[in-house]
Structure formats: structure tokens, C-alpha cells
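Quick notes on the structure that follows.
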Amino acid sequence: MAQIELSGIERIFRLGDSEVHALRDLSVSIEAGEYVAVMGPSGSGKSTLLNLLGLLDRPDAGHYRLEGRDVTTLSADEQAEVRRARIGFVFQSFHLVPRLTAAENIGLPLMLAGVAPPERAARVARALKDFGLETRAGHRPEELSGGQRQRVAIARATIMRPAMLLADEPTGNLDRATGQEVTALLEALNAGGTTLIVVTHDPSMGARARRQLLMEDGALRQDVRRPESATPATG
Amino acid sequence: MTPADTLRFASRAALAYPVRTALMVLAMAIGVAAVVVLTALGDGARRYVVGQFASLGANLVIVLPGRNETGGVNAGSFVTSTPRDLTVADASALLRAPLVTRVAPLSLGNSEISVGGKLREVLVLGTTADYVDIRNYRVAAGQFLPREDLGRAAAVAVIGDTLRRELFGNEPAVGRMVRIGDHRLRLVGVMAPSGQGLGMNTDEIVIVPVATAQAMFNTNTLFRIMVEVRSREAIVPAQREMEKIMRARHEGELDVTLITQDAVLGTFDRILGALTLAVAGIAAISLAVAGILVMNVMLVAVTQRTGEIGLLKALGASGRHIRLAFLTEAALLSLAGAFVGFALGHLGAWGIRLTWPVLPAWPPQWAVIAALGTALTTGLLFGVMPARRAARLDPVQALMKR
Ligand SMILES: Nc1ncnc2c1ncn2[C@@H]1O[C@H](COP(=O)(O)OP(=O)(O)OP(=O)(O)O)[C@@H](O)[C@H]1O
Ligand SMILES: [Mg+2]
């Protein structure tokens, strides 16, 4: 059983009289621990797909089975629970809460899950150390560099040890070197067993993934898998 | 999310926008302060009036000519339109009622007092020796009117303290002769300063025997009769006795009104209580306005923090989490406003007491509790809509907002 199974997914946006078919008849399955890059031209439905995978959005038709369970029929609060426990998000624009410190931002999911403060502090401290942010724990987002902000966001996304990480152009707002740093970080998490699904415009970044989904006009055009052995030297 | 976390998260959010928070707290504070100050004023006025009437004496009945009919009409009200006058003989008759201890007939008129070339207008009160005891007045020098037959027009007078100062300065007044109208009277006493008092103030009046006053004003009617009964409990039966006597004297018709302090107090208490309530209601409107402000500010907060709400949802916050966070924030702001307003209101009441020391302007307990309760309820009530709007936001749309 695959971790993610999408079958016949349709997503249609209606704006007045016009309809935008953001996803059409999309079927794909992704195993636990995979590293998938979603690529394609602007407006091809990449973000829509990622939002759907993250249970932030619902399809108009089709089924989404997550770890064997049909999650399209869950209530909003049940979906929130799944997101809290199983899914981590990384956004292009970081999405840190400006008034909270780095440590508090990282601890947000633990707070929402009702983890007791002492355990929370311990886990946040470990995450800060793992992501090289110990000296920035008390800093607010505006006092951090772009790379540090994204590291805080990744630390936050992984603090609940989710089964999958969804990243929508995580390096889009970073310079090349910092982008590579962040990519390496995400790949290290994937190496640790977390499913990693990255939307990217950057072909070189996409090429690093073992599997590439090429979207076009809401449909899956190509599903390319690289053989396990042929890991690129840059990896 | 534990309650402590919700509280911390909400208070951090409130503090992150200090101007907005300060304005909202101020709006709520003004509402609460208005309730506290206005009810303090209303209740102070009520207590002042009640206190003044209480100084009349608890076992006093005042008899007025004329019937003030409140409970329908009786046969008498068709027969006569002008009531019979009250006379000194009526007063003497009332004294014969077993429960009545003292009686003071009162006759009033304006005249002029002159002594040693000084002349001024005065109010002349004709009464008897018992008056000073009924009203608990004190005589500063000399003595009060002599105890004698009600019909005897002795040529004596007692003056108030202000009059004494104006007419005699530092010289002794007792024993001096004064002219009041056409009558020459000897001063036998000076009243002690009476201070603030409701109705008549003894400081500026001349008190003479009732028969003297009636001769002076060429009348045989009385302004009213003050009757003291044995005890407070005796008031009701004494009233019945007196009504019987008056009816017998006035050919079977009860054409006088008996007023007791309790009845007067009750009426004033009700009127001023209602006034306080009305004032509190008006002040509560400002609380409602504050509530609407809370709602708008919270709606702005939801719009301002749309991205954050989207993020929280992506991190797995349920609708309940978000609703609670925003409701807590609204409640915190209202609570802060309520406390600031409470303090401001007490400050205002203190200022009123300082400016008008006679007014016991303390906000009543119920008003304070009601104001704080209303502030909190308003904040919560008007916070519900924005909180629900926040909880219902579509996460994808919310995340796209920056
Ligand atoms: N809320 C919405 N309402 C209407 N149309 C929408 C909405 N969201 C997305 N779309 C449309 O759906 C299509 C797919 O959008 P999507 O954001 O998934 O594209 P994308 O592949 O992520 O593009 P990009 O690379 O520019 O981020 C686009 O045509 C977009 O205009
Ligand atoms: Mg996109």
C-alpha cells in the first residue's frame, strides 16, 4: 500500500462564469520515503496539487487515500488533526509569525498539539541545535536572514516528526548558495525516512529528486523515475 | 492547545499591536467609567436626599391642609373643592391622641426685621416650644420659645445664627428688642448654626409663638402641623387616630394629608433609584458602542492576520483553536478595558466627592458588577463574529495573503 494514492482527482475553480480546470483526472501514488519533485510551467496546477496533498484543499472529484485511509471525506477538524500529526509544510515565503521568536515559531505545532511545556522546550531546543539555530533562539523573524528563516520554518515543519514534508518552492526566495543549503537540509530529512515532495521551477533542483512529476495544464504529463543506483554526483 | 497557551498566545497577539489595543481598551474603559461615575452620581444624589429626609426624624408625621388623593376618589372630593383650613385648635386636638407625644403647629410669613437702624427681610415661623425638640435643633444662647398656652401671643422671638451675625455682630443678642413688621419683640434665644439642611434652614429665620405670627399676618390658619408620635412602630396606628380626630373636627370629611418620613423617603428612594438606573442605562449604551468597536477592531485583526491564520491551519490548528485564540484576545482586551475603566470611574467618583463633599458619590456595588460584567459580555459577544470568521477562513486563500 502506497503512502499517498490519488485517483481521478479533479479540481475546478469557478470565477463567475469562467472555469479553471486546475487539476484534471490526476492519478498518482507515492511510497513512503520517496523524494518527488513536482515541476511544470506556471499555472499548471503544482501548488493546487500540493495543497490537496496537504489537506488544505479538497478535490471536486476523485479520491485521496493517505496511509490507506480515505481523507477526502474527513471533516475539517479531522483533517486538521491529520495535518498536525502527519504533514509538514515549507513555504516559499517562510510564513513565520512575526511577533514570535524563532524558538516559539518552531514550538507552534507542539503548542497546538497540547504538548506539555517542559517536553516542548526540550524538543524545541533539540530542533534548534539540529538546524544550527541555537544562537538565534530568541530572535524574531525580522532579525533573521532568509536562510535562517527557512531553517526555522523547516524546523517547525518537522518538529512533530511528520510522515511527509510538502515544500512549495522552498528556495524561491533565497539566493543560490542558501537555496542549496536548504535543499541539502530537506534531502537529509528525506534520507531519514520522511517523504519529501518539492514543487520547484529550478531544473537542477528538480533533477536531484529520484522522481519527477511533470505537470501541464492541470494534468500529469510525465512521471520520471531515476534508477536508485544512478544517484548524481552532486547529491 | 492548553488554556495557558491560548492565553499567552492571545495576549502576545494583543500586545503586538499596541495602538490598536490601547484604543480598544480606552473605548471599553470609557464605557465602564461612564457607568461607574454616573451611577455614583445618581446614587450619591439618592443617598443625599434620603439622608436629608432621615434627619427629619423617624417618628414624625406632617399634617398638611388639603387632600392629596392617590387612591381614587371619595365622597368628600365631590362636595368641597377648597379644603378647610388647619387651625391651632386642630393642633391642640391632635395632641389629645394617645400615641401623640408632641405637636408643633407651623405658621409662615415674610416680614422685615429691624434693629438699631439695620433692616432686612426675614421669614417668620410661628410655632411652639416643642418645635425645637421635634426637629432636634439646638439653641446656642438664651432659650427657645416659652412653654405656654397656644393662644397666647407673647412678644418674644428666637433668631437664627446668620441673622444674629448680620444684625448684632459680636454683641450679645439675647435680651435685645427688635421690631418685626409692626411688632416689638424681645429676643430670648439664638439658634445654633444648623448647617446644610433640606427645606427650611433655621439660620435665617425668626421664630415666634404661633399666636404672635398669626396676629402679625392677620390669619388664623396654619401652614402645617408637625406631630411626633411615641415611636416609629406607632406611626401607622397614630395616623389612624389622627385621621379620626381630623375627620370629627372637619364634619366627617378627611381634608388633610398626613405625610410620614417613611412614605416620603420611599418615594424619593424610588424616584432617585429609577433615575440612577436610567443613567446606568444611558452609560451602558456607551458600552454597547465599545462592543461594536471591539468587533470592528477584531475584524481588522482577522484581516491583518489572515496569513497567520492560514499558517496556523496548515500547522494543524482546528477551527476551535483559532476561534478560542481570537475570543480570548477580545476577552482580554475587554477585561483590561473594564479594569482601567473601573479605576477611572472610581477616580471620577472621588473627584466628585472632592468637589461636592455633601454628595456621597460612591458607585453602588450592583453598578460596578454590572459594568464589569457587561464589558466582558460585550467583548465576548462582539468577539464571536470575528473569531468565527477567522476560524472559517479557507486555509489556501489565507496563506496566499501576505
Ligand atoms: N483560488 C483560485 N481561484 C481561481 N483560480 C485559481 C485559484 N487557485 C489557483 N487557480 C488557478 O488554477 C491554476 C493552477 O494554479 P496553481 O497555483 O496550482 O499553479 P502553479 O502550478 O502552482 O503555478 P506557479 O508555478 O505560478 O506557482 C491556475 O490557472 C490558477 O490561476
Ligand atoms: Mg504555485
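In the C-alpha cells, chains take letters A, B, ... by order of appearance, with residues numbered from 1 within each chain and ligands from 1 in the order shown.
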Report as a list in words the set of chain A residues whose atoms approach chain B to within 8 Å, with distances computed over only C-alpha atoms.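 Here they are: Asn51, Gly54, Leu56, Asp57, Ala76, Asp77, Gln79, Ala80, Glu81, Val82, Arg83, Arg84, Ala85, Gly88, Phe89, His95, Leu96, Val97, Arg99, Leu108, Pro109, Met111, Leu112, Ala113, Gly114, Val115 and Ala157 of chain A.
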If you run DSSP on the backbone here, which positions in stretch 128-187 of chain B get strand (DSSP E or B)? Please write them as an MDAnalysis selection string. chainID B and resid 139:142 156:159 177:180 183:187
For the selection just defined, write its residues with N, CA, C and O atoms to a file, as a tab-separated table (two decimals), in the first residue's frame.
chain	number	residue	atom	x	y	z
B	139	VAL	N	-30.29	75.26	70.72
B	139	VAL	CA	-30.28	76.70	70.97
B	139	VAL	C	-28.88	77.06	71.46
B	139	VAL	O	-28.35	76.40	72.36
B	140	ALA	N	-28.27	78.06	70.83
B	140	ALA	CA	-26.88	78.41	71.16
B	140	ALA	C	-26.82	79.35	72.36
B	140	ALA	O	-25.94	79.23	73.20
B	141	ALA	N	-27.75	80.27	72.42
B	141	ALA	CA	-27.73	81.23	73.53
B	141	ALA	C	-29.16	81.50	73.96
B	141	ALA	O	-30.09	81.44	73.16
B	142	GLY	N	-29.34	81.79	75.23
B	142	GLY	CA	-30.68	82.05	75.75
B	142	GLY	C	-31.50	80.78	75.75
B	142	GLY	O	-30.99	79.70	76.01
B	156	VAL	N	-42.12	87.64	72.15
B	156	VAL	CA	-40.75	87.14	72.21
B	156	VAL	C	-40.38	86.54	70.86
B	156	VAL	O	-41.25	86.18	70.07
B	157	ALA	N	-39.07	86.40	70.61
B	157	ALA	CA	-38.61	85.81	69.35
B	157	ALA	C	-37.27	85.14	69.54
B	157	ALA	O	-36.50	85.49	70.43
B	158	VAL	N	-37.01	84.17	68.68
B	158	VAL	CA	-35.71	83.48	68.64
B	158	VAL	C	-35.20	83.67	67.21
B	158	VAL	O	-35.97	83.55	66.26
B	159	ILE	N	-33.90	83.99	67.06
B	159	ILE	CA	-33.41	84.20	65.69
B	159	ILE	C	-32.33	83.19	65.34
B	159	ILE	O	-31.71	82.57	66.21
B	177	MET	N	-34.28	94.16	72.07
B	177	MET	CA	-35.59	94.33	71.47
B	177	MET	C	-35.41	94.48	69.96
B	177	MET	O	-34.46	95.13	69.50
B	178	VAL	N	-36.28	93.84	69.21
B	178	VAL	CA	-36.25	94.01	67.75
B	178	VAL	C	-37.65	94.36	67.29
B	178	VAL	O	-38.64	94.14	67.99
B	179	ARG	N	-37.72	94.92	66.08
B	179	ARG	CA	-39.03	95.21	65.51
B	179	ARG	C	-39.23	94.29	64.32
B	179	ARG	O	-38.37	94.20	63.42
B	180	ILE	N	-40.35	93.55	64.34
B	180	ILE	CA	-40.67	92.71	63.20
B	180	ILE	C	-42.02	93.19	62.69
B	180	ILE	O	-43.03	93.08	63.39
B	183	HIS	N	-44.54	94.88	65.09
B	183	HIS	CA	-44.47	94.36	66.46
B	183	HIS	C	-43.09	94.51	67.04
B	183	HIS	O	-42.10	94.26	66.36
B	184	ARG	N	-43.06	94.93	68.32
B	184	ARG	CA	-41.79	94.96	69.04
B	184	ARG	C	-41.68	93.69	69.86
B	184	ARG	O	-42.57	93.37	70.65
B	185	LEU	N	-40.60	92.95	69.63
B	185	LEU	CA	-40.43	91.67	70.32
B	185	LEU	C	-39.08	91.65	71.02
B	185	LEU	O	-38.12	92.29	70.58
B	186	ARG	N	-39.03	90.86	72.11
B	186	ARG	CA	-37.77	90.71	72.83
B	186	ARG	C	-37.10	89.41	72.39
B	186	ARG	O	-37.76	88.36	72.31
B	187	LEU	N	-35.81	89.45	72.10
B	187	LEU	CA	-35.10	88.23	71.71
B	187	LEU	C	-34.80	87.42	72.95
B	187	LEU	O	-34.18	87.92	73.90
List the spatial neighbours of stretch 192-196 of chain A as an NGL selection string - criterion: any atom at most 9 Å away, only C-alpha atoms, same-chain residues fewer than 3 positions off excluded. :A and (3 or 30-37 or 161-167 or 186-189)
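Residues within 9 Å of B:Leu359, counting only C-alpha atoms and excluding same-chain residues fewer than 5 positions away, are B:Leu41, B:Gly44, B:Ala45, B:Arg47, B:Tyr48, B:Ile352, B:Arg353.
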Please produce a file of the residues just selected, as an mmCIF file, in the first residue's frame, where the atoms kept are N, CA, C and O atoms.
data_model
loop_
_atom_site.group_PDB
_atom_site.id
_atom_site.type_symbol
_atom_site.label_atom_id
_atom_site.label_comp_id
_atom_site.auth_asym_id
_atom_site.auth_seq_id
_atom_site.Cartn_x
_atom_site.Cartn_y
_atom_site.Cartn_z
ATOM 1 N N LEU B 41 -22.916 59.176 40.814
ATOM 2 C CA LEU B 41 -23.591 60.469 40.912
ATOM 3 C C LEU B 41 -25.066 60.273 41.280
ATOM 4 O O LEU B 41 -25.593 60.905 42.195
ATOM 5 N N GLY B 44 -25.389 58.807 44.692
ATOM 6 C CA GLY B 44 -24.990 59.830 45.661
ATOM 7 C C GLY B 44 -26.134 60.795 45.908
ATOM 8 O O GLY B 44 -26.442 61.135 47.052
ATOM 9 N N ALA B 45 -26.786 61.219 44.815
ATOM 10 C CA ALA B 45 -27.927 62.129 44.947
ATOM 11 C C ALA B 45 -29.032 61.469 45.765
ATOM 12 O O ALA B 45 -29.634 62.088 46.645
ATOM 13 N N ARG B 47 -28.737 59.071 47.988
ATOM 14 C CA ARG B 47 -28.342 58.972 49.390
ATOM 15 C C ARG B 47 -28.388 60.329 50.084
ATOM 16 O O ARG B 47 -28.725 60.417 51.255
ATOM 17 N N TYR B 48 -28.036 61.361 49.320
ATOM 18 C CA TYR B 48 -28.059 62.708 49.898
ATOM 19 C C TYR B 48 -29.478 63.072 50.302
ATOM 20 O O TYR B 48 -29.734 63.470 51.447
ATOM 21 N N ILE B 352 -15.664 63.772 42.250
ATOM 22 C CA ILE B 352 -16.980 64.353 42.560
ATOM 23 C C ILE B 352 -17.111 64.574 44.065
ATOM 24 O O ILE B 352 -17.570 65.625 44.522
ATOM 25 N N ARG B 353 -16.673 63.596 44.819
ATOM 26 C CA ARG B 353 -16.778 63.718 46.283
ATOM 27 C C ARG B 353 -15.914 64.860 46.784
ATOM 28 O O ARG B 353 -16.247 65.534 47.758
#
Hey, which residues come within 6 Å of ligand 1 if we count only C-alpha atoms and all ligand atoms? Could you give them as a list in words?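 Those within range of ligand 1 are Phe13, Val20, Ala22, Pro41, Ser42, Gly43, Ser44, Gly45, Lys46, Ser47 and Thr48 of chain A.
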Quick one: write out the picked residues with C-alpha atoms as a tab-separated table (two decimals), in the first residue's frame?
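Written file, selection.tsv:
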chain	number	residue	atom	x	y	z
A	13	PHE	CA	-12.02	26.82	-9.76
A	20	VAL	CA	-10.35	26.93	-14.45
A	22	ALA	CA	-6.56	23.39	-12.14
A	41	PRO	CA	5.08	25.77	-16.16
A	42	SER	CA	3.39	28.43	-14.12
A	43	GLY	CA	-0.31	27.81	-13.69
A	44	SER	CA	-0.01	24.09	-14.38
A	45	GLY	CA	-1.52	23.16	-11.02
A	46	LYS	CA	1.55	22.36	-8.91
A	47	SER	CA	0.53	24.38	-5.89
A	48	THR	CA	-3.03	23.15	-6.20
Excluding same-chain residues fewer than 3 positions from A:Ile12, what lies within 10 Å of it counting only C-alpha atoms, as a ChimeraX atom specification? /A:15,19-24,59-61,218
Contacts of stretch 375-385 of chain B within 7 Å, only C-alpha atoms, excl. fewer than 5 positions in-chain, as a list in words: Met28, Val32, Leu287, Ala288, Gly291, Ile292, Val294, Met295, Met298, Leu327, Ala330, Ala331, Ser334, Leu335 and Ala338 of chain B
Prev. selection, N, CA, C and O atoms, output as a compact mmCIF listing (two decimals), in the first residue's frame:
# COMPACT_ATOMS: atom_id res chain seq x y z
N MET B 28 -13.44 50.72 25.79
CA MET B 28 -14.13 49.93 26.80
C MET B 28 -14.05 50.64 28.15
O MET B 28 -15.02 50.68 28.91
N VAL B 32 -17.11 51.74 30.76
CA VAL B 32 -17.21 51.28 32.15
C VAL B 32 -17.11 52.46 33.11
O VAL B 32 -17.88 52.58 34.06
N LEU B 287 -21.20 51.43 26.47
CA LEU B 287 -20.57 50.11 26.49
C LEU B 287 -20.90 49.33 25.22
O LEU B 287 -20.06 48.63 24.67
N ALA B 288 -22.13 49.49 24.77
CA ALA B 288 -22.53 48.81 23.53
C ALA B 288 -21.72 49.35 22.36
O ALA B 288 -21.27 48.60 21.49
N GLY B 291 -18.55 47.85 22.44
CA GLY B 291 -18.65 46.49 21.94
C GLY B 291 -18.55 46.44 20.43
O GLY B 291 -17.85 45.60 19.87
N ILE B 292 -19.23 47.36 19.78
CA ILE B 292 -19.20 47.39 18.32
C ILE B 292 -17.78 47.72 17.86
O ILE B 292 -17.28 47.16 16.88
N VAL B 294 -15.10 46.92 19.50
CA VAL B 294 -14.34 45.69 19.70
C VAL B 294 -14.49 44.79 18.48
O VAL B 294 -13.52 44.26 17.95
N MET B 295 -15.73 44.70 18.03
CA MET B 295 -15.99 43.82 16.89
C MET B 295 -15.21 44.29 15.67
O MET B 295 -14.57 43.50 14.99
N MET B 298 -11.52 43.71 16.02
CA MET B 298 -11.19 42.29 15.87
C MET B 298 -11.31 41.86 14.41
O MET B 298 -10.54 41.03 13.95
N LEU B 327 -11.22 34.81 20.45
CA LEU B 327 -12.17 35.16 21.52
C LEU B 327 -11.41 35.56 22.78
O LEU B 327 -11.77 36.52 23.46
N ALA B 330 -10.18 39.04 22.41
CA ALA B 330 -11.25 40.03 22.63
C ALA B 330 -11.58 40.13 24.11
O ALA B 330 -11.76 41.23 24.66
N ALA B 331 -11.63 38.98 24.77
CA ALA B 331 -11.96 38.99 26.20
C ALA B 331 -10.88 39.70 27.01
O ALA B 331 -11.19 40.47 27.92
N SER B 334 -11.26 43.42 26.52
CA SER B 334 -12.41 43.94 27.26
C SER B 334 -12.11 43.98 28.75
O SER B 334 -12.46 44.92 29.45
N LEU B 335 -11.48 42.91 29.21
CA LEU B 335 -11.17 42.82 30.63
C LEU B 335 -10.23 43.96 31.04
O LEU B 335 -10.45 44.63 32.05
N ALA B 338 -12.17 47.03 31.07
CA ALA B 338 -13.07 47.08 32.22
C ALA B 338 -12.31 47.51 33.47
O ALA B 338 -12.78 48.34 34.24
Assign secondary structure with DSSP using the backbone only, and return the residues of stretch 123-210 of chain A in alpha helix (DSSP H) as a PDB file with C-alpha atoms, in the first residue's frame.
ATOM      1  CA  ARG A 123      12.149  19.242  21.687  1.00  0.00           C
ATOM      2  CA  VAL A 124      12.491  22.836  20.503  1.00  0.00           C
ATOM      3  CA  ALA A 125      15.997  23.008  21.977  1.00  0.00           C
ATOM      4  CA  ARG A 126      16.958  19.833  20.108  1.00  0.00           C
ATOM      5  CA  ALA A 127      15.486  21.176  16.856  1.00  0.00           C
ATOM      6  CA  LEU A 128      17.336  24.489  17.268  1.00  0.00           C
ATOM      7  CA  LYS A 129      20.566  22.523  17.688  1.00  0.00           C
ATOM      8  CA  ASP A 130      19.846  20.204  14.749  1.00  0.00           C
ATOM      9  CA  GLY A 146      16.368  34.430   4.644  1.00  0.00           C
ATOM     10  CA  GLY A 147      18.229  31.160   5.036  1.00  0.00           C
ATOM     11  CA  GLN A 148      17.795  31.224   8.801  1.00  0.00           C
ATOM     12  CA  ARG A 149      14.106  31.953   8.391  1.00  0.00           C
ATOM     13  CA  GLN A 150      13.666  28.985   6.094  1.00  0.00           C
ATOM     14  CA  ARG A 151      15.599  26.803   8.530  1.00  0.00           C
ATOM     15  CA  VAL A 152      13.239  27.912  11.295  1.00  0.00           C
ATOM     16  CA  ALA A 153      10.312  27.047   9.005  1.00  0.00           C
ATOM     17  CA  ILE A 154      11.769  23.605   8.261  1.00  0.00           C
ATOM     18  CA  ALA A 155      12.454  23.002  11.948  1.00  0.00           C
ATOM     19  CA  ARG A 156       8.821  23.897  12.626  1.00  0.00           C
ATOM     20  CA  ALA A 157       7.599  21.631   9.817  1.00  0.00           C
ATOM     21  CA  THR A 158       9.499  18.658  11.191  1.00  0.00           C
ATOM     22  CA  ARG A 176      21.679  30.166  -4.883  1.00  0.00           C
ATOM     23  CA  ALA A 177      24.068  29.169  -2.095  1.00  0.00           C
ATOM     24  CA  THR A 178      21.474  29.458   0.642  1.00  0.00           C
ATOM     25  CA  GLY A 179      18.998  27.613  -1.572  1.00  0.00           C
ATOM     26  CA  GLN A 180      21.408  24.715  -1.887  1.00  0.00           C
ATOM     27  CA  GLU A 181      21.894  24.670   1.871  1.00  0.00           C
ATOM     28  CA  VAL A 182      18.164  24.443   2.412  1.00  0.00           C
ATOM     29  CA  THR A 183      17.829  21.767  -0.274  1.00  0.00           C
ATOM     30  CA  ALA A 184      20.533  19.715   1.415  1.00  0.00           C
ATOM     31  CA  LEU A 185      18.672  20.062   4.686  1.00  0.00           C
ATOM     32  CA  LEU A 186      15.433  18.808   3.158  1.00  0.00           C
ATOM     33  CA  GLU A 187      17.268  15.931   1.475  1.00  0.00           C
ATOM     34  CA  ALA A 188      18.866  14.956   4.775  1.00  0.00           C
ATOM     35  CA  LEU A 189      15.390  14.767   6.309  1.00  0.00           C
ATOM     36  CA  ASN A 190      14.286  12.625   3.369  1.00  0.00           C
ATOM     37  CA  ALA A 191      17.276  10.390   3.914  1.00  0.00           C
ATOM     38  CA  PRO A 203      15.513  22.184 -13.190  1.00  0.00           C
ATOM     39  CA  SER A 204      18.773  21.493 -11.384  1.00  0.00           C
ATOM     40  CA  MET A 205      16.940  21.138  -8.092  1.00  0.00           C
ATOM     41  CA  GLY A 206      14.280  19.000  -9.747  1.00  0.00           C
ATOM     42  CA  ALA A 207      16.987  16.789 -11.205  1.00  0.00           C
ATOM     43  CA  ARG A 208      18.177  15.892  -7.725  1.00  0.00           C
TER      44      ARG A 208
END
